[in-house]
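Undergrad: Sharing a structure, written as structure tokens. Questions coming.
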Amino acid sequence: MLKTSICGVKLENPTVLASGIMGVSGASLVNVSKNGAGAVTTKSIGLEERKGHPGPIMITTKHYGMNAVGLSNQGIKLSMPEVVYAIKNSRSPVIASIFARKVSEFGVLSKEISKTNPALIEANISCPNVEAEFGKPFATDPDAARDVTKEVVKNTKIPVIVKLSPNVANIAKIAKIVQKAGASTINAINTAGPGLAIDIRTKLPILSNKTGGISGPAIKPIAVKAVYDIYDSVKIPIIGTGGVISGEDAVEMMMAGASAVGIGTGVYYRGIDVFKKVSDEIKVFMKKEGYSNLKELIGAAHNV
Amino acid sequence: MCEDKQENPIVLDVAEVVDEGKDLKTFRFDIELNASPGQFIMLWLPGVNLKPFSISYQDQKSFGVTVSGIGEFTNKLMKVKKGDKLGIQGPYGTSFSEKGKNVCLVGGGCGSAPMAFLAEELMKKGKNVSFIIGANTKQGLMFLNRFKGKKMKLIACTDDGSFGYKGFATQALEKELEKKKFDIVYTCGPEIMMAKVVEIAEKNKICCEVSMERYMKCGFGICGQCVVDPLGIRICKEGSVLDKQTVKKITEFNKYKRGPCGKKQKFSYC
Ligand SMILES: Cc1cc2nc3c(=O)[nH]c(=O)nc-3n(C[C@H](O)[C@H](O)[C@H](O)COP(=O)(O)OP(=O)(O)OC[C@H]3O[C@@H](n4cnc5c(N)ncnc54)[C@H](O)[C@@H]3O)c2cc1C
Ligand SMILES: Cc1cc2nc3c(=O)[nH]c(=O)nc-3n(C[C@H](O)[C@H](O)[C@H](O)COP(=O)(O)O)c2cc1C
Ligand code: FES
């Protein structure tokens, strides 16, 4: 009933662990897959090791999360055995997320990570938390988004997901460009904003990076609109990410056009078994409303 | 589903700073925390960093953490004075269970911090508490005055014999076990010590609970920085207090831990 697929990769259910949450080690990804995720994504991997920003790296309220982890990772060389471990032991397909500072580096990462043979490669071109170092995310510039996509695709035989930023005037346009450049799937969205929270007793920004990307319930409408617009402009499948906490959120995202849903901050709100909970809730909804297949939900909001 | 959930540092004025030894200080805050022994808070030095510390003291209207100055962040904390502002987030993590009547606590170095809070809570519950507190030298032994004359057995030990029993806390534990039967052993300290405590508990067929430390960034279970191999569980969420059975399944225990970029770092003991 919950089966879906993303460019040929079969998922037992449409919940996908979003990049950056519980994705530091292979064992962690395996644990998430045991908790019901239909697919799991690694924390974004770069060329060199990075410590990330000092703390606080994330705060939350009941409405949103705001994070600036700063792309900490052990670098491609040490990350590869973790990906291999995850692929070997995970019940669900493993998506390897990569990020880089330069277009050419994306090519190197794409080539290297392909040796581990992940089900999909995700190019994270939309992290808002390293702007001081990296400059504006590639996803906010159509030409840069195209160049990165081409470079990643050129260096691998594995289907490529490109993860987009909501912080642009027209995300559907970028999606179309990225599709033309060879992307097999779109993931929308990365965190929104960025935002800023100030501690009023010390007058200081709370996150050490000052600003942080916003996630969780508050960004769901932004994500749903992004997916809705992208669905109209591309033919490739979409992973809808942003504010999915419950099965009903997931159904809404799929009706907007997502073939699968990314879940990140939901791990905080509902626990690591959020994947199982969301899957069960989707099933309950489908039974109640008389749906028997996810295909009937995907893009359904476009056919009324 | 998301009701009232919030993780945000609350900034408080430090109510009191207590010198506990060389580069060892307790920071007390006037706030009702309602934590259980074994839990920790994330402590924010505004504008600098946020790191985990176990709750070492708690009463009706205040609580404290005891910090050992060992690096950049903790050395900055050593300069914090009464009235300065620090942020707290939490309490987080699991806590020690309350099993049996005769209990033994083994604390090494600043691992004695959560043990002290636990000892006081267990005494209140009327348990027979033996508290083995170990350090390299006398300057590293904390809370000796705090437990002086209390209805419990305090066994202080130092590696160099500068105070109390000369030898490791684990040797003191073995000696106690020759004299007495315990229902449970609780431990917090260097992993090499805790591994030995687990081994001793195993041999003597007694329950054992361990408080483990791993590099933490968020403290509330989202970033995945503190996960352990091969279980993939989060020490900030499924821990930091774990029972013996779980610890035995953690193959990296007493072997390696992951640093801030996720890289494995072998334990080096000198
Ligand atoms: C659950 C838990 C409870 C703790 N309770 C206490 C306590 O009661 N008293 C106390 O003095 N210390 C405690 N610590 C350890 C304390 O967090 C570190 O000593 C401190 O973060 C060191 O920071 P630094 O910059 O001074 O040192 P660094 O030079 O950066 O590091 C020194 C050591 O501390 C470890 N460390 C550094 N940053 C972190 C981090 N963010 N999370 C975990 N470990 C880190 C390093 O791996 C290294 O082994 C606890 C740690 C954890 C995980
Ligand atoms: C703590 C944290 C770390 C993140 N790190 C990454 C990352 O490394 N790479 C990436 O592509 N997205 C990262 N993201 C963004 C998420 O993958 C996701 O796109 C976003 O949080 C929106 O989904 P959510 O509302 O379900 O969290 C991170 C998000 C959070 C909360
Ligand atoms: S410290 Fe972030 S998950 Fe444990």
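In the structure tokens, the first chain shown is A, the next is B, and so on; residue numbers restart at 1 for each chain, and ligands run from 1 in the order shown.
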Taking only C-alpha atoms and all ligand atoms into account, which residues are within 10 Å of ligand 3, as a VMD selection string?

TA: (chain A and resid 21 to 24 57 to 58 268) or (chain B and resid 42 51 to 52 92 to 93 214 to 227 233 to 240)

Undergrad: Which residues come within 9 Å of Asp59 (chain B), counting only C-alpha atoms, excluding same-chain residues fewer than 2 positions away, as a PyMOL selection string?

TA: chain B and resi 32-34+57+61-63

Undergrad: So that I have them on file, write out the residues from the current selection with C-alpha atoms, as an mmCIF file, in the first residue's frame.

TA:
data_model
loop_
_atom_site.group_PDB
_atom_site.id
_atom_site.type_symbol
_atom_site.label_atom_id
_atom_site.label_comp_id
_atom_site.auth_asym_id
_atom_site.auth_seq_id
_atom_site.Cartn_x
_atom_site.Cartn_y
_atom_site.Cartn_z
ATOM 1 C CA GLU B 32 13.849 24.503 39.963
ATOM 2 C CA LEU B 33 15.209 22.049 37.418
ATOM 3 C CA ASN B 34 13.405 18.852 38.415
ATOM 4 C CA TYR B 57 23.688 19.019 42.835
ATOM 5 C CA LYS B 61 14.995 25.573 44.292
ATOM 6 C CA SER B 62 18.473 25.296 42.837
ATOM 7 C CA PHE B 63 20.883 23.032 41.036
#

Undergrad: Between chain A and chain B, at 7 Å or less, what are the per-residue closest atom pairs and their distances in Å? Count only C-alpha atoms, order by chain and rising residue number, and return it as a Markdown table.

TA:
| residue | atom | partner | partner_atom | distance |
| --- | --- | --- | --- | --- |
| A:Gly20 | CA | B:Cys223 | CA | 6.7 |
| A:Ile21 | CA | B:Cys223 | CA | 5.1 |
| A:Met22 | CA | B:Gly224 | CA | 4.0 |
| A:Gly23 | CA | B:Gly224 | CA | 6.2 |
| A:Val24 | CA | B:Gly224 | CA | 5.8 |
| A:Ala27 | CA | B:Gly232 | CA | 4.5 |
| A:Ser28 | CA | B:Gly232 | CA | 3.9 |
| A:Asn31 | CA | B:Gly232 | CA | 5.4 |
| A:Glu49 | CA | B:Cys261 | CA | 6.3 |
| A:Arg50 | CA | B:Cys261 | CA | 5.5 |
| A:Lys51 | CA | B:Cys261 | CA | 4.4 |
| A:Gly52 | CA | B:Cys261 | CA | 6.9 |
| A:Pro54 | CA | B:Asn49 | CA | 5.4 |
| A:Gly55 | CA | B:Leu50 | CA | 4.5 |
| A:Pro56 | CA | B:Leu50 | CA | 5.4 |
| A:Ile57 | CA | B:Cys218 | CA | 6.4 |
| A:Met58 | CA | B:Cys218 | CA | 6.2 |
| A:Ile59 | CA | B:Asn8 | CA | 5.3 |
| A:Thr60 | CA | B:Glu7 | CA | 5.0 |
| A:Thr61 | CA | B:Gln6 | CA | 4.2 |
| A:Lys62 | CA | B:Lys5 | CA | 4.9 |
| A:Ser72 | CA | B:Cys261 | CA | 5.1 |
| A:Asn73 | CA | B:Cys261 | CA | 4.7 |
| A:Gln74 | CA | B:Cys261 | CA | 5.1 |
| A:Arg201 | CA | B:Val11 | CA | 6.7 |
| A:Leu204 | CA | B:Gly47 | CA | 6.9 |
| A:Ser208 | CA | B:Gly47 | CA | 6.5 |
| A:Val267 | CA | B:Ile222 | CA | 6.7 |
| A:Tyr268 | CA | B:Ile222 | CA | 6.0 |
| A:Tyr269 | CA | B:Cys2 | CA | 5.8 |

Undergrad: Identify, with DSSP run on backbone atoms, the residues in region 36-218 of chain A assigned to alpha helix (DSSP H), and express the list as a count of residues only.

TA: 53

Undergrad: Residues within 8 Å of ligand 2 should be enumerated using only C-alpha atoms and all ligand atoms and returned as a PyMOL selection string.

TA: (chain A and resi 17-21+42-45+57-58+64-72+97-99+122-127+163+188-192+213-217+219-220+241-245+262-266) or (chain B and resi 222-223)

Undergrad: For ligand 1, which residue out of B:Lys255, B:Arg28, B:Lys125, B:Lys76 is the nearest one, using only C-alpha atoms and all ligand atoms?

TA: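 Ranking B:Lys255, B:Arg28, B:Lys125, B:Lys76 by distance to ligand 1, first place goes to B:Lys76.
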
Undergrad: Have a look at CA of Ile87 (chain A) and CA of Ala37 (chain A) and let me know their distance in Å, one decimal.

TA: 13.7 Å

Undergrad: With a distance cut-off of 8 Å and only C-alpha atoms, select the neighbouring residues of region 143-150 of chain B, excluding the residue or stretch itself and same-chain residues fewer than 4 positions from it, and output the selection as a list in words.

TA: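 With the cut-off at 8 Å, the set is Glu20, Ala116 and Leu154 of chain B.
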
Undergrad: Would you save the residues from that selection as a short mmCIF file (atom, residue, chain, number, x, y, z; two decimals), in the first residue's frame, using N, CA, C and O atoms?

TA:
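Contents of out.cif, freshly written:
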data_model
loop_
_atom_site.label_atom_id
_atom_site.label_comp_id
_atom_site.auth_asym_id
_atom_site.auth_seq_id
_atom_site.Cartn_x
_atom_site.Cartn_y
_atom_site.Cartn_z
N GLU B 20 36.03 23.52 44.15
CA GLU B 20 35.98 22.13 44.61
C GLU B 20 37.35 21.48 44.60
O GLU B 20 37.50 20.33 45.00
N ALA B 116 27.53 12.24 42.87
CA ALA B 116 27.23 12.94 44.12
C ALA B 116 25.73 13.26 44.23
O ALA B 116 25.11 13.06 45.28
N LEU B 154 31.88 6.62 52.64
CA LEU B 154 32.65 7.30 51.61
C LEU B 154 34.06 6.72 51.56
O LEU B 154 34.75 6.68 52.58
#

Undergrad: Tell me which protein, DNA and RNA residues are within 7 Å of Leu2 (chain A), counting only C-alpha atoms, leaving out same-chain ones fewer than 3 positions away, and put them as a PyMOL selection string.

TA: chain A and resi 12-14+293-294
